[in-house]
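The structure appears right after this line, and notes come after that.
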Amino acid sequence: MRKPLVVALCALAFAGAGATPAVAAAPTPTGADTTTDAVPTTLTDLVNDTVGTAADTLSGLTAPKAGAVNFAGTVSLSNCSGSVVRMPDSAADDPALVLTNGHCLESGFPAPGQVLVDRASSRSFGLLNSSGSKVATLRADRLVYATMTDTDAAIYRLGTTYAQIKSSYGIDPLTLSDTRPAAGTAISVVSGYWKRIYNCSVDGFAYRMKEGDWTWKDSVRYTSACNTIGGTSGSPVVDDATRQVVAVNNTGNEDGERCTVNNPCEVDENGQVTVRQGINYAQQTYLFPACFGADNRLELSASGCSVPKP
């Protein structure tokens, strides 16, 4: 699972933009919320603020070219990346939603088989503009949905509408595609935490992917150019042609181990296991639009909604 470590700062400083993926952090996030403007009061706070400053500097070197996918609508979390998203049928006056990974929850990793629905939350998110500069702190009022079963996703509801965000900051949400992506699709993985964009293609799909105690279905496998690092967890995976979100970045095999934490393996229909060291993955998101109705309400009983249920 792609969560940041203190050593990620060293990797960034010494290895630059091509750094090897960092080892994931412990299950319960401990980093200070880098989306707030408070003065750091602990060593962890200071390290996170320093990492954020380094990321700001790096963003100047990795800013997207004109006309390319950019950072607008992405967010930084205390321990991960994410994005403000809308469903294809969402209205401007609907409460805005934020998409990230289930393993990025402030409460720690959901257990295998666990699905969290409609929980109180005051999680904050740093909203980025097209160049990767933070323009606002957004705050959730509910955790709408989260799981690490079959997929690795969390969706928060903000106390702010899309229209209010647009009016105040000129930023539109990203749209979740309701269509499964195809192999060969050119994609961009946009990290709000590191303010960095990775460009590659969908190499294929893993029928099942196992990592530690968790199993995910129909995972997106990237070509090697998307060498994502710790802190990129929850980044939207954007189809370069449609500019819609087709997946959420979540993991990669770091050490060549077989099916262990930070070393997912692929399992095919016949149970054959394949390990691809250095290759990274995402979880598809096209199933979610069928599960949201009017006013962006979660409707798990809706026809066509096939995400895991409590």
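Identifiers for the structure tokens are assigned positionally: chains receive A, B, ... in sequence, residues are indexed from 1 per chain, and ligands are indexed from 1 in the order shown.
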Exercise for the section: Enumerate the residues of range 109-258 of chain A with a DSSP assignment of strand (DSSP E), computed from the backbone, and present them as a ChimeraX atom specification. Expected result: /A:115-120,124-128,134-147,153-161,174-175,186-191,196-211,214-222,236-239,245-252
Practice task
Tell me, as a ChimeraX atom specification, which residues lie within 8 Å of range 80-88 of chain A, counting only C-alpha atoms; anything in the same chain fewer than 6 positions away does not count.
Solution key: /A:2-4,73-74,96-101,104,173-178,191-193,231-236,289,292,296
Preceding selection exported with N, CA and C atoms as a compact mmCIF listing (two decimals), in the first residue's frame:
```txt
# COMPACT_ATOMS: atom_id res chain seq x y z
N ARG A 2 0.50 2.20 -0.80
CA ARG A 2 1.35 3.35 -1.03
C ARG A 2 1.07 4.47 -0.02
N LYS A 3 1.69 4.43 1.18
CA LYS A 3 1.57 5.50 2.17
C LYS A 3 2.94 6.04 2.49
N PRO A 4 3.06 7.36 2.83
CA PRO A 4 4.38 7.97 2.92
C PRO A 4 5.14 7.61 4.19
N GLY A 73 -8.50 20.05 -9.03
CA GLY A 73 -9.47 19.13 -8.46
C GLY A 73 -8.86 18.02 -7.63
N THR A 74 -7.53 17.85 -7.69
CA THR A 74 -6.91 16.86 -6.82
C THR A 74 -6.74 17.44 -5.44
N ALA A 96 -20.15 17.95 -2.53
CA ALA A 96 -19.02 17.39 -3.26
C ALA A 96 -18.49 16.13 -2.57
N LEU A 97 -17.89 15.24 -3.36
CA LEU A 97 -17.32 13.99 -2.87
C LEU A 97 -15.81 14.00 -3.10
N VAL A 98 -15.09 13.32 -2.21
CA VAL A 98 -13.65 13.13 -2.37
C VAL A 98 -13.34 11.64 -2.41
N LEU A 99 -12.56 11.23 -3.41
CA LEU A 99 -12.17 9.83 -3.58
C LEU A 99 -10.72 9.62 -3.18
N THR A 100 -10.46 8.57 -2.40
CA THR A 100 -9.10 8.16 -2.07
C THR A 100 -9.13 6.65 -1.86
N ASN A 101 -8.11 6.09 -1.22
CA ASN A 101 -8.08 4.65 -0.94
C ASN A 101 -8.72 4.31 0.40
N CYS A 104 -6.29 4.55 3.20
CA CYS A 104 -5.90 5.90 3.62
C CYS A 104 -6.78 6.45 4.74
N PRO A 173 -14.85 19.59 -10.37
CA PRO A 173 -14.49 18.24 -9.94
C PRO A 173 -14.09 17.39 -11.13
N LEU A 174 -13.44 16.29 -10.84
CA LEU A 174 -13.17 15.28 -11.85
C LEU A 174 -14.38 14.36 -11.93
N THR A 175 -14.70 13.88 -13.11
CA THR A 175 -15.85 13.00 -13.30
C THR A 175 -15.42 11.54 -13.28
N LEU A 176 -16.14 10.71 -12.49
CA LEU A 176 -15.89 9.28 -12.49
C LEU A 176 -16.52 8.67 -13.74
N SER A 177 -15.73 7.97 -14.52
CA SER A 177 -16.26 7.27 -15.69
C SER A 177 -17.11 6.09 -15.23
N ASP A 178 -18.19 5.81 -15.96
CA ASP A 178 -19.00 4.63 -15.66
C ASP A 178 -18.70 3.50 -16.64
N SER A 191 -0.84 12.79 -8.30
CA SER A 191 -0.66 12.77 -6.86
C SER A 191 -0.73 14.17 -6.27
N GLY A 192 -1.76 14.42 -5.46
CA GLY A 192 -1.87 15.69 -4.76
C GLY A 192 -0.89 15.80 -3.60
N TYR A 193 -0.51 14.67 -3.01
CA TYR A 193 0.44 14.70 -1.89
C TYR A 193 1.81 15.15 -2.35
N GLY A 231 2.86 7.80 -0.68
CA GLY A 231 2.17 9.09 -0.70
C GLY A 231 1.27 9.26 -1.90
N THR A 232 1.44 8.39 -2.92
CA THR A 232 0.58 8.48 -4.10
C THR A 232 -0.70 7.67 -3.94
N SER A 233 -0.84 6.95 -2.85
CA SER A 233 -2.08 6.22 -2.59
C SER A 233 -3.28 7.15 -2.70
N GLY A 234 -4.32 6.71 -3.38
CA GLY A 234 -5.53 7.49 -3.52
C GLY A 234 -5.54 8.44 -4.69
N SER A 235 -4.42 8.52 -5.43
CA SER A 235 -4.37 9.42 -6.59
C SER A 235 -5.36 8.98 -7.65
N PRO A 236 -6.07 9.93 -8.27
CA PRO A 236 -6.95 9.55 -9.37
C PRO A 236 -6.13 9.10 -10.58
N PRO A 289 -20.55 4.88 -9.95
CA PRO A 289 -21.68 5.72 -10.37
C PRO A 289 -23.05 5.06 -10.22
N PHE A 292 -24.78 5.64 -6.64
CA PHE A 292 -25.09 6.97 -6.13
C PHE A 292 -26.29 7.54 -6.88
N ASN A 296 -26.21 13.02 -4.61
CA ASN A 296 -25.01 12.23 -4.31
C ASN A 296 -25.21 11.31 -3.11
```
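Using only C-alpha atoms, the shortest contact distance between Gly204 in chain A and any of A:Leu128, A:Val135, A:Cys226, A:Val220 is found at A:Val220.
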Practice task
Determine which residues of range 65-187 of chain A receive a DSSP assignment of alpha helix (DSSP H), computed from the backbone, and state them as a list of chain:residue names.
Solution key: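 Alpha helix (DSSP H) members of range 65-187 of chain A, listed: A:Tyr162, A:Ala163, A:Gln164, A:Ile165, A:Lys166, A:Ser167, A:Ser168, A:Tyr169.
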Problem - Gly212 in chain A surroundings by only C-alpha atoms, 9 Å radius, close-in-sequence under 6 positions cut, as a ChimeraX atom specification - result: /A:259-264
Handout entry: Selection near Thr179 in chain A, 9 Å with only C-alpha atoms, sequence-local residues under 6 positions removed, as a PyMOL selection string
Key = chain A and resi 246+285-287
Problem - Exercise: range 167-171 of chain A partners within 7 Å, only C-alpha atoms, chain neighbours under 3 positions left out, as JSON, numbers by chain - result: {"A": [72, 73, 129, 163, 164]}
Problem - Asp203 in chain A surroundings by only C-alpha atoms, 10 Å radius, close-in-sequence under 4 positions cut, as a PyMOL selection string - result: chain A and resi 182-186+220-224+281
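Among the candidates A:Thr147, A:Gln244, A:Gln277, A:Thr161, the one nearest to Val69 in chain A when counting only C-alpha atoms is A:Gln244.
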Handout entry: Shell around Asp141 in chain A at 6 Å using only C-alpha atoms, local window under 2 positions removed, as a list of chain:residue names
Key =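 Residues near the query, excluding close chain neighbours: A:Ser121, A:Ser122, A:Leu158, A:Gly159.
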Problem - Given only C-alpha atoms as the counted atoms, nearest of A:Val267, A:Ala290, A:Ala120, A:Leu300 to Asp89 in chain A - result: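 Answer, going by the shortest atom-to-atom distance: A:Ala290.
In terms of minimum interatomic distance to Val189 in chain A, A:Ala225 ranks closest within A:Ile165, A:Val117, A:Met1, A:Ala225, counting only C-alpha atoms.
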